[in-house]
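S.K.: To start, I am sharing the structure in question, which I have written as structure tokens.
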Amino acid sequence: MIDKFLFPTENVCSFCKDYDENLIYGLCEECRDRIEELHAKVNLKTDFVDDLYVSIFYNRFAKDFIHQYKFNNKSYLFKTFSSYMNKTLCKLEIFDYDLIIPVPIHRRKEAIRGYNQSYLLANEIAKYNKKPIYKDVLIKRKWTKEQNKLNLYERRLNLSSSFIVKREKIILDKKILLIDDIVTTGMTLELCSKELKENGADKIIGLCLSTPIR
Ligand SMILES: [Zn+2]
């Protein structure tokens with residue numbers, strides 16, 4: 001039931017561009033079949049993220065799809081992706097949070113890319129669930145390399161003290177839904193959550209579009 005009403009659209013698949021009269025989430029049946037839906041809790045050992053949920057498995061299809069979203073300027077794919085994330089929230093009945101914060105990217109990177117991919121997802125989730133979203137509370141201040149090109153040690157070094165909180169009154173004692181696109185080691189989410197909690201946040205629920213972890 002959830003499937004239908006989330007994403008009414010015209011009849012061209014957002015991914016393969018085939019004509020299809022019964023698109024769901026903007027995708028034709030063939031593309032939908034290649035998405036492995038998870039809508040599950042991820043058991044990642046973290047000190048600061050209270051709960052972490054993920055929507056789809058990072059298989060080869062999703063990888064290609066997400067890569068196009070992030071690096072090939074196909075920002076419109078946020079509609080499809082956020083639909084899967086909304087489905088996770090509906091299915092698992094995750095409604096108990098006060099506000100939404102996207103994992104930030106550096107403003108220079110955003111200027112180059114033209115958008116923050118996690119913000120587009122978060123914004124759509126906020127609209128759908130009628131929750132406030134804050135883009136300028138958690139800030140990425142350090143320019144860092146793409147995490148996927150680094151090993152674990154380099155990732156930690158790369159990200160250490162790269163996030164800061166501004167306007168901390170907004171998050172004081174709040175339950176926050178923290179949105180990101182891909183979770184692999186969980187380090188980004190962990191560092192964001194640490195910063196948020198050290199600035200007064202009460203609880204962090206992570207929601208990521210995709211993960212290679214099963
Ligand atoms: Zn398709």
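Please note that chains go A, B, ... in the order of the structure tokens, that every chain numbers its residues from 1, and that ligands are numbered from 1 in the order shown.
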Name the residues, by chain letter and number, that sit within 8 Å of ligand 1 using only C-alpha atoms and all ligand atoms, and give them as a PyMOL selection string.
M.R.: chain A and resi 12-18+27-32
S.K.: Take the residues that were just selected and, keeping N, CA and C atoms, output them as a CSV table (one decimal), in the first residue's frame.
M.R.:
```
chain,number,residue,atom,x,y,z
A,12,VAL,N,8.1,7.7,-17.5
A,12,VAL,CA,9.5,7.4,-17.9
A,12,VAL,C,10.3,7.0,-16.7
A,13,CYS,N,10.9,5.8,-16.8
A,13,CYS,CA,11.7,5.4,-15.6
A,13,CYS,C,12.9,6.3,-15.4
A,14,SER,N,13.0,6.7,-14.1
A,14,SER,CA,14.1,7.7,-13.7
A,14,SER,C,15.5,7.1,-14.0
A,15,PHE,N,15.6,5.8,-14.0
A,15,PHE,CA,16.9,5.3,-14.2
A,15,PHE,C,17.2,4.8,-15.7
A,16,CYS,N,16.4,3.9,-16.2
A,16,CYS,CA,16.8,3.4,-17.5
A,16,CYS,C,16.1,4.2,-18.7
A,17,LYS,N,15.2,5.1,-18.3
A,17,LYS,CA,14.5,5.9,-19.3
A,17,LYS,C,13.5,5.2,-20.1
A,18,ASP,N,13.2,3.9,-19.8
A,18,ASP,CA,12.1,3.2,-20.6
A,18,ASP,C,10.8,3.7,-20.2
A,27,LEU,N,10.4,4.3,-10.9
A,27,LEU,CA,11.2,3.2,-11.5
A,27,LEU,C,10.2,2.3,-12.2
A,28,CYS,N,10.7,1.7,-13.4
A,28,CYS,CA,10.0,0.6,-14.0
A,28,CYS,C,10.2,-0.7,-13.2
A,29,GLU,N,9.4,-1.7,-13.6
A,29,GLU,CA,9.4,-2.9,-12.9
A,29,GLU,C,10.8,-3.6,-12.9
A,30,GLU,N,11.4,-3.5,-14.1
A,30,GLU,CA,12.7,-4.2,-14.2
A,30,GLU,C,13.8,-3.5,-13.3
A,31,CYS,N,13.8,-2.2,-13.3
A,31,CYS,CA,14.8,-1.5,-12.4
A,31,CYS,C,14.4,-1.8,-10.9
A,32,ARG,N,13.1,-1.8,-10.6
A,32,ARG,CA,12.7,-2.0,-9.2
A,32,ARG,C,13.2,-3.4,-8.8
```
S.K.: Pick out the residues sitting within 10 Å of A:Tyr115, and hand them over as a ChimeraX atom specification; count only C-alpha atoms, and ignore anything fewer than 4 positions along from it in its own chain.
M.R.: /A:70,73,75,105,107,109-111,119-120
S.K.: Using only C-alpha atoms, which residue out of A:Lys194, A:Lys79, A:Arg155, A:Lys41 lies closest to A:Lys127?
M.R.: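 Smallest distance to A:Lys127 is found for A:Lys79.
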S.K.: Please provide the set of residues having any atom within 9 Å of A:Phe163, restricted to only C-alpha atoms, with same-chain residues fewer than 4 positions apart removed, written as a PyMOL selection string.
M.R.: chain A and resi 104+138-142+159+191-192+195
S.K.: Could those residues be written to a file, using C-alpha atoms, as a PDB file, in the first residue's frame?
M.R.:
```
ATOM      1  CA  PRO A 104      26.928  17.943   5.457  1.00  0.00           C
ATOM      2  CA  LEU A 138      25.942  20.669  11.422  1.00  0.00           C
ATOM      3  CA  ILE A 139      28.716  21.993   9.217  1.00  0.00           C
ATOM      4  CA  LYS A 140      31.635  20.327   7.482  1.00  0.00           C
ATOM      5  CA  ARG A 141      34.529  22.683   7.880  1.00  0.00           C
ATOM      6  CA  LYS A 142      37.383  20.595   6.537  1.00  0.00           C
ATOM      7  CA  LEU A 159      37.486  13.085   9.001  1.00  0.00           C
ATOM      8  CA  LEU A 191      31.616  11.660  14.027  1.00  0.00           C
ATOM      9  CA  CYS A 192      28.545  13.709  13.139  1.00  0.00           C
ATOM     10  CA  GLU A 195      29.474  16.424  17.520  1.00  0.00           C
TER      11      GLU A 195
END
```
S.K.: Any idea what's packed within 10 Å of A:Tyr128, counting only C-alpha atoms, ignoring anything in its chain fewer than 4 positions away? Could you give it as an MDAnalysis selection string?
M.R.: chainID A and resid 6 82:83 86 122:124
S.K.: Could you make a table, as a tab-separated table, of the residues of stretch 7-87 of chain A that have an atom within 9 Å of an atom of stretch 183-186 of chain A, each with its nearest atom pair and distance in Å to one decimal, counting only C-alpha atoms, in chain and number order?
M.R.:
```
residue	atom	partner	partner_atom	distance
A:Leu44	CA	A:Gly186	CA	7.2
A:Lys45	CA	A:Gly186	CA	8.6
A:Thr46	CA	A:Gly186	CA	7.9
A:Val54	CA	A:Val183	CA	8.3
```
S.K.: Using only C-alpha atoms, pick whichever of A:Ile133, A:Val49, A:Ile171, A:Ile204 has the shortest atom-to-atom distance to A:Ile100.
M.R.: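 Using only C-alpha atoms, the shortest distance to A:Ile100 belongs to A:Ile133.
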